[in-house]
>>> print(open('entry.cif').read())   # mmCIF, N, CA and C atoms, pLDDT in the B column; chains and numbers go by the auth columns
data_protein
loop_
_atom_site.group_PDB
_atom_site.id
_atom_site.type_symbol
_atom_site.label_atom_id
_atom_site.label_comp_id
_atom_site.label_asym_id
_atom_site.label_seq_id
_atom_site.Cartn_x
_atom_site.Cartn_y
_atom_site.Cartn_z
_atom_site.B_iso_or_equiv
_atom_site.auth_seq_id
_atom_site.auth_asym_id
ATOM 1 N N MET A 1 0.841 -1.194 0.000 85.00 159 A
ATOM 2 C CA MET A 1 0.000 0.000 0.000 85.00 159 A
ATOM 3 C C MET A 1 0.877 1.245 0.000 85.00 159 A
ATOM 4 N N VAL A 2 0.417 2.245 -0.710 86.00 160 A
ATOM 5 C CA VAL A 2 1.088 3.538 -0.706 86.00 160 A
ATOM 6 C C VAL A 2 0.090 4.591 -0.242 86.00 160 A
ATOM 7 N N LYS A 3 0.608 5.637 0.337 85.00 161 A
ATOM 8 C CA LYS A 3 -0.239 6.727 0.809 85.00 161 A
ATOM 9 C C LYS A 3 -0.288 7.777 -0.296 85.00 161 A
ATOM 10 N N GLY A 4 -1.470 8.014 -0.831 85.00 162 A
ATOM 11 C CA GLY A 4 -1.635 8.959 -1.916 85.00 162 A
ATOM 12 C C GLY A 4 -2.185 10.282 -1.435 85.00 162 A
ATOM 13 N N ALA A 5 -2.786 11.008 -2.358 84.00 163 A
ATOM 14 C CA ALA A 5 -3.373 12.309 -2.061 84.00 163 A
ATOM 15 C C ALA A 5 -4.411 12.182 -0.950 84.00 163 A
ATOM 16 N N PHE A 6 -4.478 13.175 -0.096 79.00 164 A
ATOM 17 C CA PHE A 6 -5.428 13.245 1.008 79.00 164 A
ATOM 18 C C PHE A 6 -5.268 12.084 1.995 79.00 164 A
ATOM 19 N N GLY A 7 -4.096 11.439 1.990 85.00 165 A
ATOM 20 C CA GLY A 7 -3.832 10.356 2.919 85.00 165 A
ATOM 21 C C GLY A 7 -4.512 9.043 2.567 85.00 165 A
ATOM 22 N N ILE A 8 -5.069 8.950 1.362 84.00 166 A
ATOM 23 C CA ILE A 8 -5.757 7.730 0.923 84.00 166 A
ATOM 24 C C ILE A 8 -4.731 6.630 0.697 84.00 166 A
ATOM 25 N N LYS A 9 -5.001 5.439 1.219 88.00 167 A
ATOM 26 C CA LYS A 9 -4.105 4.305 1.000 88.00 167 A
ATOM 27 C C LYS A 9 -4.527 3.574 -0.266 88.00 167 A
ATOM 28 N N LEU A 10 -3.566 3.383 -1.156 87.00 168 A
ATOM 29 C CA LEU A 10 -3.829 2.727 -2.440 87.00 168 A
ATOM 30 C C LEU A 10 -2.845 1.590 -2.649 87.00 168 A
ATOM 31 N N PRO A 11 -3.219 0.556 -3.423 90.00 169 A
ATOM 32 C CA PRO A 11 -2.289 -0.538 -3.703 90.00 169 A
ATOM 33 C C PRO A 11 -1.070 -0.035 -4.482 90.00 169 A
ATOM 34 N N GLU A 12 0.046 -0.722 -4.363 86.00 170 A
ATOM 35 C CA GLU A 12 1.302 -0.337 -5.035 86.00 170 A
ATOM 36 C C GLU A 12 1.108 -0.123 -6.535 86.00 170 A
ATOM 37 N N ASN A 13 0.366 -1.005 -7.191 89.00 171 A
ATOM 38 C CA ASN A 13 0.212 -0.936 -8.647 89.00 171 A
ATOM 39 C C ASN A 13 -1.117 -0.272 -9.040 89.00 171 A
ATOM 40 N N TYR A 14 -1.599 0.656 -8.229 90.00 172 A
ATOM 41 C CA TYR A 14 -2.885 1.311 -8.472 90.00 172 A
ATOM 42 C C TYR A 14 -2.890 2.039 -9.809 90.00 172 A
ATOM 43 N N ARG A 15 -4.006 1.918 -10.538 92.00 173 A
ATOM 44 C CA ARG A 15 -4.209 2.672 -11.772 92.00 173 A
ATOM 45 C C ARG A 15 -5.660 3.125 -11.808 92.00 173 A
ATOM 46 N N PHE A 16 -5.858 4.415 -11.992 91.00 174 A
ATOM 47 C CA PHE A 16 -7.202 4.979 -12.064 91.00 174 A
ATOM 48 C C PHE A 16 -7.909 4.476 -13.317 91.00 174 A
ATOM 49 N N LYS A 17 -9.171 4.117 -13.183 93.00 175 A
ATOM 50 C CA LYS A 17 -9.994 3.669 -14.311 93.00 175 A
ATOM 51 C C LYS A 17 -11.326 4.407 -14.270 93.00 175 A
ATOM 52 N N LEU A 18 -11.870 4.701 -15.448 93.00 176 A
ATOM 53 C CA LEU A 18 -13.208 5.286 -15.513 93.00 176 A
ATOM 54 C C LEU A 18 -14.205 4.312 -14.892 93.00 176 A
ATOM 55 N N LYS A 19 -15.175 4.856 -14.178 91.00 177 A
ATOM 56 C CA LYS A 19 -16.098 3.992 -13.441 91.00 177 A
ATOM 57 C C LYS A 19 -17.465 3.831 -14.102 91.00 177 A
ATOM 58 N N ASP A 20 -17.972 4.870 -14.744 94.00 178 A
ATOM 59 C CA ASP A 20 -19.317 4.757 -15.324 94.00 178 A
ATOM 60 C C ASP A 20 -19.433 5.590 -16.599 94.00 178 A
ATOM 61 N N LYS A 21 -20.591 5.463 -17.259 95.00 179 A
ATOM 62 C CA LYS A 21 -20.745 6.138 -18.548 95.00 179 A
ATOM 63 C C LYS A 21 -20.844 7.655 -18.414 95.00 179 A
ATOM 64 N N ASN A 22 -21.326 8.166 -17.279 96.00 180 A
ATOM 65 C CA ASN A 22 -21.381 9.614 -17.089 96.00 180 A
ATOM 66 C C ASN A 22 -19.974 10.205 -16.996 96.00 180 A
ATOM 67 N N GLU A 23 -19.105 9.512 -16.274 95.00 181 A
ATOM 68 C CA GLU A 23 -17.719 9.962 -16.166 95.00 181 A
ATOM 69 C C GLU A 23 -17.060 9.911 -17.554 95.00 181 A
ATOM 70 N N ARG A 24 -17.372 8.871 -18.310 96.00 182 A
ATOM 71 C CA ARG A 24 -16.820 8.738 -19.661 96.00 182 A
ATOM 72 C C ARG A 24 -17.267 9.900 -20.548 96.00 182 A
ATOM 73 N N LYS A 25 -18.536 10.295 -20.434 96.00 183 A
ATOM 74 C CA LYS A 25 -19.044 11.441 -21.213 96.00 183 A
ATOM 75 C C LYS A 25 -18.264 12.710 -20.878 96.00 183 A
ATOM 76 N N GLU A 26 -18.025 12.929 -19.585 96.00 184 A
ATOM 77 C CA GLU A 26 -17.272 14.118 -19.163 96.00 184 A
ATOM 78 C C GLU A 26 -15.860 14.103 -19.726 96.00 184 A
ATOM 79 N N VAL A 27 -15.221 12.925 -19.683 96.00 185 A
ATOM 80 C CA VAL A 27 -13.856 12.803 -20.182 96.00 185 A
ATOM 81 C C VAL A 27 -13.823 13.019 -21.688 96.00 185 A
ATOM 82 N N LEU A 28 -14.789 12.476 -22.406 97.00 186 A
ATOM 83 C CA LEU A 28 -14.834 12.682 -23.857 97.00 186 A
ATOM 84 C C LEU A 28 -14.997 14.163 -24.186 97.00 186 A
ATOM 85 N N TRP A 29 -15.766 14.889 -23.376 98.00 187 A
ATOM 86 C CA TRP A 29 -15.909 16.327 -23.574 98.00 187 A
ATOM 87 C C TRP A 29 -14.568 17.032 -23.335 98.00 187 A
ATOM 88 N N LEU A 30 -13.848 16.624 -22.260 97.00 188 A
ATOM 89 C CA LEU A 30 -12.531 17.219 -21.974 97.00 188 A
ATOM 90 C C LEU A 30 -11.543 16.931 -23.107 97.00 188 A
ATOM 91 N N ILE A 31 -11.632 15.756 -23.689 97.00 189 A
ATOM 92 C CA ILE A 31 -10.770 15.408 -24.824 97.00 189 A
ATOM 93 C C ILE A 31 -11.110 16.312 -26.010 97.00 189 A
ATOM 94 N N LYS A 32 -12.403 16.489 -26.270 97.00 190 A
ATOM 95 C CA LYS A 32 -12.853 17.360 -27.364 97.00 190 A
ATOM 96 C C LYS A 32 -12.367 18.796 -27.163 97.00 190 A
ATOM 97 N N GLU A 33 -12.325 19.241 -25.912 97.00 191 A
ATOM 98 C CA GLU A 33 -11.862 20.593 -25.589 97.00 191 A
ATOM 99 C C GLU A 33 -10.337 20.718 -25.615 97.00 191 A
ATOM 100 N N GLY A 34 -9.642 19.589 -25.759 97.00 192 A
ATOM 101 C CA GLY A 34 -8.186 19.621 -25.857 97.00 192 A
ATOM 102 C C GLY A 34 -7.451 19.518 -24.532 97.00 192 A
ATOM 103 N N VAL A 35 -8.163 19.203 -23.456 97.00 193 A
ATOM 104 C CA VAL A 35 -7.535 19.094 -22.143 97.00 193 A
ATOM 105 C C VAL A 35 -6.683 17.829 -22.059 97.00 193 A
ATOM 106 N N PHE A 36 -7.183 16.739 -22.628 97.00 194 A
ATOM 107 C CA PHE A 36 -6.465 15.463 -22.653 97.00 194 A
ATOM 108 C C PHE A 36 -6.406 14.952 -24.085 97.00 194 A
ATOM 109 N N LYS A 37 -5.385 14.121 -24.379 97.00 195 A
ATOM 110 C CA LYS A 37 -5.245 13.557 -25.721 97.00 195 A
ATOM 111 C C LYS A 37 -6.247 12.437 -25.960 97.00 195 A
ATOM 112 N N ASP A 38 -6.436 11.589 -24.957 97.00 196 A
ATOM 113 C CA ASP A 38 -7.337 10.444 -25.063 97.00 196 A
ATOM 114 C C ASP A 38 -7.675 9.942 -23.666 97.00 196 A
ATOM 115 N N ILE A 39 -8.473 8.882 -23.600 95.00 197 A
ATOM 116 C CA ILE A 39 -8.897 8.352 -22.299 95.00 197 A
ATOM 117 C C ILE A 39 -7.702 7.854 -21.499 95.00 197 A
ATOM 118 N N ARG A 40 -6.763 7.225 -22.175 95.00 198 A
ATOM 119 C CA ARG A 40 -5.579 6.726 -21.470 95.00 198 A
ATOM 120 C C ARG A 40 -4.792 7.872 -20.830 95.00 198 A
ATOM 121 N N ASP A 41 -4.668 8.993 -21.550 96.00 199 A
ATOM 122 C CA ASP A 41 -3.977 10.172 -21.009 96.00 199 A
ATOM 123 C C ASP A 41 -4.692 10.662 -19.752 96.00 199 A
ATOM 124 N N TYR A 42 -6.028 10.685 -19.772 96.00 200 A
ATOM 125 C CA TYR A 42 -6.809 11.096 -18.612 96.00 200 A
ATOM 126 C C TYR A 42 -6.563 10.149 -17.428 96.00 200 A
ATOM 127 N N GLU A 43 -6.635 8.845 -17.688 95.00 201 A
ATOM 128 C CA GLU A 43 -6.441 7.862 -16.617 95.00 201 A
ATOM 129 C C GLU A 43 -5.039 7.952 -16.017 95.00 201 A
ATOM 130 N N GLU A 44 -4.021 8.142 -16.867 94.00 202 A
ATOM 131 C CA GLU A 44 -2.649 8.253 -16.362 94.00 202 A
ATOM 132 C C GLU A 44 -2.472 9.526 -15.544 94.00 202 A
ATOM 133 N N THR A 45 -3.073 10.619 -15.989 95.00 203 A
ATOM 134 C CA THR A 45 -2.988 11.881 -15.247 95.00 203 A
ATOM 135 C C THR A 45 -3.665 11.749 -13.885 95.00 203 A
ATOM 136 N N MET A 46 -4.840 11.154 -13.858 93.00 204 A
ATOM 137 C CA MET A 46 -5.561 10.973 -12.591 93.00 204 A
ATOM 138 C C MET A 46 -4.778 10.047 -11.652 93.00 204 A
ATOM 139 N N THR A 47 -4.157 9.014 -12.203 93.00 205 A
ATOM 140 C CA THR A 47 -3.340 8.110 -11.390 93.00 205 A
ATOM 141 C C THR A 47 -2.198 8.873 -10.743 93.00 205 A
ATOM 142 N N ARG A 48 -1.491 9.681 -11.541 92.00 206 A
ATOM 143 C CA ARG A 48 -0.379 10.483 -11.005 92.00 206 A
ATOM 144 C C ARG A 48 -0.862 11.424 -9.906 92.00 206 A
ATOM 145 N N LEU A 49 -1.984 12.080 -10.129 91.00 207 A
ATOM 146 C CA LEU A 49 -2.500 13.015 -9.127 91.00 207 A
ATOM 147 C C LEU A 49 -2.887 12.310 -7.832 91.00 207 A
ATOM 148 N N LEU A 50 -3.514 11.159 -7.958 90.00 208 A
ATOM 149 C CA LEU A 50 -3.942 10.428 -6.758 90.00 208 A
ATOM 150 C C LEU A 50 -2.777 9.830 -5.992 90.00 208 A
ATOM 151 N N LEU A 51 -1.681 9.544 -6.671 90.00 209 A
ATOM 152 C CA LEU A 51 -0.535 8.930 -5.996 90.00 209 A
ATOM 153 C C LEU A 51 0.436 9.958 -5.413 90.00 209 A
ATOM 154 N N GLU A 52 0.211 11.251 -5.707 84.00 210 A
ATOM 155 C CA GLU A 52 1.068 12.288 -5.111 84.00 210 A
ATOM 156 C C GLU A 52 0.700 12.442 -3.647 84.00 210 A
ATOM 157 N N PRO A 53 1.705 12.490 -2.776 76.00 211 A
ATOM 158 C CA PRO A 53 1.408 12.660 -1.341 76.00 211 A
ATOM 159 C C PRO A 53 0.926 14.074 -1.009 76.00 211 A
#
>>> encode(input="entry.cif", output="C-alpha coordinates")
Amino acid sequence: MVKGAFGIKLPENYRFKLKDKNERKEVLWLIKEGVFKDIRDYEETMTRLLLEP
(Lines of atoms letter the chains of each structure in order from A and count residues from 1; the text may use other names and numbers.)
(Lines give C-alpha, C1' and ligand atoms only; values in the text may rest on other atoms or scores of the structure.)
Protein backbone atom coordinates (compact mmCIF):
# COMPACT_ATOMS: atom_id res chain seq x y z
CA MET A 1 0.00 0.00 0.00
CA VAL A 2 1.09 3.54 -0.71
CA LYS A 3 -0.24 6.73 0.81
CA GLY A 4 -1.64 8.96 -1.92
CA ALA A 5 -3.37 12.31 -2.06
CA PHE A 6 -5.43 13.24 1.01
CA GLY A 7 -3.83 10.36 2.92
CA ILE A 8 -5.76 7.73 0.92
CA LYS A 9 -4.10 4.30 1.00
CA LEU A 10 -3.83 2.73 -2.44
CA PRO A 11 -2.29 -0.54 -3.70
CA GLU A 12 1.30 -0.34 -5.03
CA ASN A 13 0.21 -0.94 -8.65
CA TYR A 14 -2.89 1.31 -8.47
CA ARG A 15 -4.21 2.67 -11.77
CA PHE A 16 -7.20 4.98 -12.06
CA LYS A 17 -9.99 3.67 -14.31
CA LEU A 18 -13.21 5.29 -15.51
CA LYS A 19 -16.10 3.99 -13.44
CA ASP A 20 -19.32 4.76 -15.32
CA LYS A 21 -20.75 6.14 -18.55
CA ASN A 22 -21.38 9.61 -17.09
CA GLU A 23 -17.72 9.96 -16.17
CA ARG A 24 -16.82 8.74 -19.66
CA LYS A 25 -19.04 11.44 -21.21
CA GLU A 26 -17.27 14.12 -19.16
CA VAL A 27 -13.86 12.80 -20.18
CA LEU A 28 -14.83 12.68 -23.86
CA TRP A 29 -15.91 16.33 -23.57
CA LEU A 30 -12.53 17.22 -21.97
CA ILE A 31 -10.77 15.41 -24.82
CA LYS A 32 -12.85 17.36 -27.36
CA GLU A 33 -11.86 20.59 -25.59
CA GLY A 34 -8.19 19.62 -25.86
CA VAL A 35 -7.53 19.09 -22.14
CA PHE A 36 -6.47 15.46 -22.65
CA LYS A 37 -5.25 13.56 -25.72
CA ASP A 38 -7.34 10.44 -25.06
CA ILE A 39 -8.90 8.35 -22.30
CA ARG A 40 -5.58 6.73 -21.47
CA ASP A 41 -3.98 10.17 -21.01
CA TYR A 42 -6.81 11.10 -18.61
CA GLU A 43 -6.44 7.86 -16.62
CA GLU A 44 -2.65 8.25 -16.36
CA THR A 45 -2.99 11.88 -15.25
CA MET A 46 -5.56 10.97 -12.59
CA THR A 47 -3.34 8.11 -11.39
CA ARG A 48 -0.38 10.48 -11.00
CA LEU A 49 -2.50 13.02 -9.13
CA LEU A 50 -3.94 10.43 -6.76
CA LEU A 51 -0.54 8.93 -6.00
CA GLU A 52 1.07 12.29 -5.11
CA PRO A 53 1.41 12.66 -1.34
>>> residues_around(input="entry.cif", residues="A:Pro169", least_positions_apart="2", cutoff="6 Å", atoms="all atoms listed in the file", output="list in words")
Met159, Val160, Lys167, Asn171 and Tyr172 of chain A
>>> closest_residue(input="entry.cif", among="A:Leu207, A:Glu201, A:Lys161, A:Glu191", to="A:Arg173", atoms="only C-alpha atoms")
A:Glu201
>>> resolve_selection(input="entry.cif", expression="the PyMOL selection byres (((chain A and resi 211 and name CA) around 6) and name CA)", output="PDB file with N, CA and C atoms, in the frame of the given file")
ATOM      1  N   GLY A 162      -1.470   8.014  -0.831  1.00 85.00           N
ATOM      2  CA  GLY A 162      -1.635   8.959  -1.916  1.00 85.00           C
ATOM      3  C   GLY A 162      -2.185  10.282  -1.435  1.00 85.00           C
ATOM      4  N   ALA A 163      -2.786  11.008  -2.358  1.00 84.00           N
ATOM      5  CA  ALA A 163      -3.373  12.309  -2.061  1.00 84.00           C
ATOM      6  C   ALA A 163      -4.411  12.182  -0.950  1.00 84.00           C
ATOM      7  N   GLU A 210       0.211  11.251  -5.707  1.00 84.00           N
ATOM      8  CA  GLU A 210       1.068  12.288  -5.111  1.00 84.00           C
ATOM      9  C   GLU A 210       0.700  12.442  -3.647  1.00 84.00           C
TER      10      GLU A 210
END
>>> select_by_dssp(input="entry.cif", residues="chain A", states="alpha helix (DSSP H)", output="PyMOL selection string")
chain A and resi 179-190+197-209
>>> write_last_selection(input="entry.cif", atoms="N, CA and C atoms", output="PDB file, keeping the file's coordinate frame")
ATOM      1  N   LYS A 179     -20.591   5.463 -17.259  1.00 95.00           N
ATOM      2  CA  LYS A 179     -20.745   6.138 -18.548  1.00 95.00           C
ATOM      3  C   LYS A 179     -20.844   7.655 -18.414  1.00 95.00           C
ATOM      4  N   ASN A 180     -21.326   8.166 -17.279  1.00 96.00           N
ATOM      5  CA  ASN A 180     -21.381   9.614 -17.089  1.00 96.00           C
ATOM      6  C   ASN A 180     -19.974  10.205 -16.996  1.00 96.00           C
ATOM      7  N   GLU A 181     -19.105   9.512 -16.274  1.00 95.00           N
ATOM      8  CA  GLU A 181     -17.719   9.962 -16.166  1.00 95.00           C
ATOM      9  C   GLU A 181     -17.060   9.911 -17.554  1.00 95.00           C
ATOM     10  N   ARG A 182     -17.372   8.871 -18.310  1.00 96.00           N
ATOM     11  CA  ARG A 182     -16.820   8.738 -19.661  1.00 96.00           C
ATOM     12  C   ARG A 182     -17.267   9.900 -20.548  1.00 96.00           C
ATOM     13  N   LYS A 183     -18.536  10.295 -20.434  1.00 96.00           N
ATOM     14  CA  LYS A 183     -19.044  11.441 -21.213  1.00 96.00           C
ATOM     15  C   LYS A 183     -18.264  12.710 -20.878  1.00 96.00           C
ATOM     16  N   GLU A 184     -18.025  12.929 -19.585  1.00 96.00           N
ATOM     17  CA  GLU A 184     -17.272  14.118 -19.163  1.00 96.00           C
ATOM     18  C   GLU A 184     -15.860  14.103 -19.726  1.00 96.00           C
ATOM     19  N   VAL A 185     -15.221  12.925 -19.683  1.00 96.00           N
ATOM     20  CA  VAL A 185     -13.856  12.803 -20.182  1.00 96.00           C
ATOM     21  C   VAL A 185     -13.823  13.019 -21.688  1.00 96.00           C
ATOM     22  N   LEU A 186     -14.789  12.476 -22.406  1.00 97.00           N
ATOM     23  CA  LEU A 186     -14.834  12.682 -23.857  1.00 97.00           C
ATOM     24  C   LEU A 186     -14.997  14.163 -24.186  1.00 97.00           C
ATOM     25  N   TRP A 187     -15.766  14.889 -23.376  1.00 98.00           N
ATOM     26  CA  TRP A 187     -15.909  16.327 -23.574  1.00 98.00           C
ATOM     27  C   TRP A 187     -14.568  17.032 -23.335  1.00 98.00           C
ATOM     28  N   LEU A 188     -13.848  16.624 -22.260  1.00 97.00           N
ATOM     29  CA  LEU A 188     -12.531  17.219 -21.974  1.00 97.00           C
ATOM     30  C   LEU A 188     -11.543  16.931 -23.107  1.00 97.00           C
ATOM     31  N   ILE A 189     -11.632  15.756 -23.689  1.00 97.00           N
ATOM     32  CA  ILE A 189     -10.770  15.408 -24.824  1.00 97.00           C
ATOM     33  C   ILE A 189     -11.110  16.312 -26.010  1.00 97.00           C
ATOM     34  N   LYS A 190     -12.403  16.489 -26.270  1.00 97.00           N
ATOM     35  CA  LYS A 190     -12.853  17.360 -27.364  1.00 97.00           C
ATOM     36  C   LYS A 190     -12.367  18.796 -27.163  1.00 97.00           C
ATOM     37  N   ILE A 197      -8.473   8.882 -23.600  1.00 95.00           N
ATOM     38  CA  ILE A 197      -8.897   8.352 -22.299  1.00 95.00           C
ATOM     39  C   ILE A 197      -7.702   7.854 -21.499  1.00 95.00           C
ATOM     40  N   ARG A 198      -6.763   7.225 -22.175  1.00 95.00           N
ATOM     41  CA  ARG A 198      -5.579   6.726 -21.470  1.00 95.00           C
ATOM     42  C   ARG A 198      -4.792   7.872 -20.830  1.00 95.00           C
ATOM     43  N   ASP A 199      -4.668   8.993 -21.550  1.00 96.00           N
ATOM     44  CA  ASP A 199      -3.977  10.172 -21.009  1.00 96.00           C
ATOM     45  C   ASP A 199      -4.692  10.662 -19.752  1.00 96.00           C
ATOM     46  N   TYR A 200      -6.028  10.685 -19.772  1.00 96.00           N
ATOM     47  CA  TYR A 200      -6.809  11.096 -18.612  1.00 96.00           C
ATOM     48  C   TYR A 200      -6.563  10.149 -17.428  1.00 96.00           C
ATOM     49  N   GLU A 201      -6.635   8.845 -17.688  1.00 95.00           N
ATOM     50  CA  GLU A 201      -6.441   7.862 -16.617  1.00 95.00           C
ATOM     51  C   GLU A 201      -5.039   7.952 -16.017  1.00 95.00           C
ATOM     52  N   GLU A 202      -4.021   8.142 -16.867  1.00 94.00           N
ATOM     53  CA  GLU A 202      -2.649   8.253 -16.362  1.00 94.00           C
ATOM     54  C   GLU A 202      -2.472   9.526 -15.544  1.00 94.00           C
ATOM     55  N   THR A 203      -3.073  10.619 -15.989  1.00 95.00           N
ATOM     56  CA  THR A 203      -2.988  11.881 -15.247  1.00 95.00           C
ATOM     57  C   THR A 203      -3.665  11.749 -13.885  1.00 95.00           C
ATOM     58  N   MET A 204      -4.840  11.154 -13.858  1.00 93.00           N
ATOM     59  CA  MET A 204      -5.561  10.973 -12.591  1.00 93.00           C
ATOM     60  C   MET A 204      -4.778  10.047 -11.652  1.00 93.00           C
ATOM     61  N   THR A 205      -4.157   9.014 -12.203  1.00 93.00           N
ATOM     62  CA  THR A 205      -3.340   8.110 -11.390  1.00 93.00           C
ATOM     63  C   THR A 205      -2.198   8.873 -10.743  1.00 93.00           C
ATOM     64  N   ARG A 206      -1.491   9.681 -11.541  1.00 92.00           N
ATOM     65  CA  ARG A 206      -0.379  10.483 -11.005  1.00 92.00           C
ATOM     66  C   ARG A 206      -0.862  11.424  -9.906  1.00 92.00           C
ATOM     67  N   LEU A 207      -1.984  12.080 -10.129  1.00 91.00           N
ATOM     68  CA  LEU A 207      -2.500  13.015  -9.127  1.00 91.00           C
ATOM     69  C   LEU A 207      -2.887  12.310  -7.832  1.00 91.00           C
ATOM     70  N   LEU A 208      -3.514  11.159  -7.958  1.00 90.00           N
ATOM     71  CA  LEU A 208      -3.942  10.428  -6.758  1.00 90.00           C
ATOM     72  C   LEU A 208      -2.777   9.830  -5.992  1.00 90.00           C
ATOM     73  N   LEU A 209      -1.681   9.544  -6.671  1.00 90.00           N
ATOM     74  CA  LEU A 209      -0.535   8.930  -5.996  1.00 90.00           C
ATOM     75  C   LEU A 209       0.436   9.958  -5.413  1.00 90.00           C
TER      76      LEU A 209
END
>>> residues_around(input="entry.cif", residues="stretch 196-200 of chain A", least_positions_apart="5", cutoff="8 Å", atoms="only C-alpha atoms", output="PDB file with N, CA and C atoms, keeping the file's coordinate frame")
ATOM      1  N   VAL A 185     -15.221  12.925 -19.683  1.00 96.00           N
ATOM      2  CA  VAL A 185     -13.856  12.803 -20.182  1.00 96.00           C
ATOM      3  C   VAL A 185     -13.823  13.019 -21.688  1.00 96.00           C
ATOM      4  N   LEU A 186     -14.789  12.476 -22.406  1.00 97.00           N
ATOM      5  CA  LEU A 186     -14.834  12.682 -23.857  1.00 97.00           C
ATOM      6  C   LEU A 186     -14.997  14.163 -24.186  1.00 97.00           C
ATOM      7  N   ILE A 189     -11.632  15.756 -23.689  1.00 97.00           N
ATOM      8  CA  ILE A 189     -10.770  15.408 -24.824  1.00 97.00           C
ATOM      9  C   ILE A 189     -11.110  16.312 -26.010  1.00 97.00           C
TER      10      ILE A 189
END
>>> axis_aligned_box(input="entry.cif", around="stretch 185-188 of chain A", padding_each_side="5 Å", output="lines of an AutoDock Vina configuration file")
center_x = -13.7
center_y = 14.8
center_z = -21.9
size_x = 14.4
size_y = 14.7
size_z = 14.5
>>> closest_residue(input="entry.cif", among="A:Glu181, A:Leu176, A:Trp187, A:Gly192", to="A:Thr205", atoms="only C-alpha atoms")
A:Leu176
>>> atom_distance(input="entry.cif", atom1="atom CA of A:Leu188", atom2="atom CA of A:Phe174")
16.6 Å
>>> atom_distance(input="entry.cif", atom1="atom CA of A:Leu168", atom2="atom CA of A:Leu209")
7.9 Å
>>> decode(input="entry.cif", residues="stretch 159-179 of chain A", atoms="N, CA and C atoms", output="PDB file, in the first residue's frame")
ATOM      1  N   MET A 159       0.841  -1.194   0.000  1.00  0.00           N
ATOM      2  CA  MET A 159       0.000   0.000   0.000  1.00  0.00           C
ATOM      3  C   MET A 159       0.877   1.245   0.000  1.00  0.00           C
ATOM      4  N   VAL A 160       0.417   2.245  -0.710  1.00  0.00           N
ATOM      5  CA  VAL A 160       1.088   3.538  -0.706  1.00  0.00           C
ATOM      6  C   VAL A 160       0.090   4.591  -0.242  1.00  0.00           C
ATOM      7  N   LYS A 161       0.608   5.637   0.337  1.00  0.00           N
ATOM      8  CA  LYS A 161      -0.239   6.727   0.809  1.00  0.00           C
ATOM      9  C   LYS A 161      -0.288   7.777  -0.296  1.00  0.00           C
ATOM     10  N   GLY A 162      -1.470   8.014  -0.831  1.00  0.00           N
ATOM     11  CA  GLY A 162      -1.635   8.959  -1.916  1.00  0.00           C
ATOM     12  C   GLY A 162      -2.185  10.282  -1.435  1.00  0.00           C
ATOM     13  N   ALA A 163      -2.786  11.008  -2.358  1.00  0.00           N
ATOM     14  CA  ALA A 163      -3.373  12.309  -2.061  1.00  0.00           C
ATOM     15  C   ALA A 163      -4.411  12.182  -0.950  1.00  0.00           C
ATOM     16  N   PHE A 164      -4.478  13.175  -0.096  1.00  0.00           N
ATOM     17  CA  PHE A 164      -5.428  13.245   1.008  1.00  0.00           C
ATOM     18  C   PHE A 164      -5.268  12.084   1.995  1.00  0.00           C
ATOM     19  N   GLY A 165      -4.096  11.439   1.990  1.00  0.00           N
ATOM     20  CA  GLY A 165      -3.832  10.356   2.919  1.00  0.00           C
ATOM     21  C   GLY A 165      -4.512   9.043   2.567  1.00  0.00           C
ATOM     22  N   ILE A 166      -5.069   8.950   1.362  1.00  0.00           N
ATOM     23  CA  ILE A 166      -5.757   7.730   0.923  1.00  0.00           C
ATOM     24  C   ILE A 166      -4.731   6.630   0.697  1.00  0.00           C
ATOM     25  N   LYS A 167      -5.001   5.439   1.219  1.00  0.00           N
ATOM     26  CA  LYS A 167      -4.105   4.305   1.000  1.00  0.00           C
ATOM     27  C   LYS A 167      -4.527   3.574  -0.266  1.00  0.00           C
ATOM     28  N   LEU A 168      -3.566   3.383  -1.156  1.00  0.00           N
ATOM     29  CA  LEU A 168      -3.829   2.727  -2.440  1.00  0.00           C
ATOM     30  C   LEU A 168      -2.845   1.590  -2.649  1.00  0.00           C
ATOM     31  N   PRO A 169      -3.219   0.556  -3.423  1.00  0.00           N
ATOM     32  CA  PRO A 169      -2.289  -0.538  -3.703  1.00  0.00           C
ATOM     33  C   PRO A 169      -1.070  -0.035  -4.482  1.00  0.00           C
ATOM     34  N   GLU A 170       0.046  -0.722  -4.363  1.00  0.00           N
ATOM     35  CA  GLU A 170       1.302  -0.337  -5.035  1.00  0.00           C
ATOM     36  C   GLU A 170       1.108  -0.123  -6.535  1.00  0.00           C
ATOM     37  N   ASN A 171       0.366  -1.005  -7.191  1.00  0.00           N
ATOM     38  CA  ASN A 171       0.212  -0.936  -8.647  1.00  0.00           C
ATOM     39  C   ASN A 171      -1.117  -0.272  -9.040  1.00  0.00           C
ATOM     40  N   TYR A 172      -1.599   0.656  -8.229  1.00  0.00           N
ATOM     41  CA  TYR A 172      -2.885   1.311  -8.472  1.00  0.00           C
ATOM     42  C   TYR A 172      -2.890   2.039  -9.809  1.00  0.00           C
ATOM     43  N   ARG A 173      -4.006   1.918 -10.538  1.00  0.00           N
ATOM     44  CA  ARG A 173      -4.209   2.672 -11.772  1.00  0.00           C
ATOM     45  C   ARG A 173      -5.660   3.125 -11.808  1.00  0.00           C
ATOM     46  N   PHE A 174      -5.858   4.415 -11.992  1.00  0.00           N
ATOM     47  CA  PHE A 174      -7.202   4.979 -12.064  1.00  0.00           C
ATOM     48  C   PHE A 174      -7.909   4.476 -13.317  1.00  0.00           C
ATOM     49  N   LYS A 175      -9.171   4.117 -13.183  1.00  0.00           N
ATOM     50  CA  LYS A 175      -9.994   3.669 -14.311  1.00  0.00           C
ATOM     51  C   LYS A 175     -11.326   4.407 -14.270  1.00  0.00           C
ATOM     52  N   LEU A 176     -11.870   4.701 -15.448  1.00  0.00           N
ATOM     53  CA  LEU A 176     -13.208   5.286 -15.513  1.00  0.00           C
ATOM     54  C   LEU A 176     -14.205   4.312 -14.892  1.00  0.00           C
ATOM     55  N   LYS A 177     -15.175   4.856 -14.178  1.00  0.00           N
ATOM     56  CA  LYS A 177     -16.098   3.992 -13.441  1.00  0.00           C
ATOM     57  C   LYS A 177     -17.465   3.831 -14.102  1.00  0.00           C
ATOM     58  N   ASP A 178     -17.972   4.870 -14.744  1.00  0.00           N
ATOM     59  CA  ASP A 178     -19.317   4.757 -15.324  1.00  0.00           C
ATOM     60  C   ASP A 178     -19.433   5.590 -16.599  1.00  0.00           C
ATOM     61  N   LYS A 179     -20.591   5.463 -17.259  1.00  0.00           N
ATOM     62  CA  LYS A 179     -20.745   6.138 -18.548  1.00  0.00           C
ATOM     63  C   LYS A 179     -20.844   7.655 -18.414  1.00  0.00           C
TER      64      LYS A 179
END
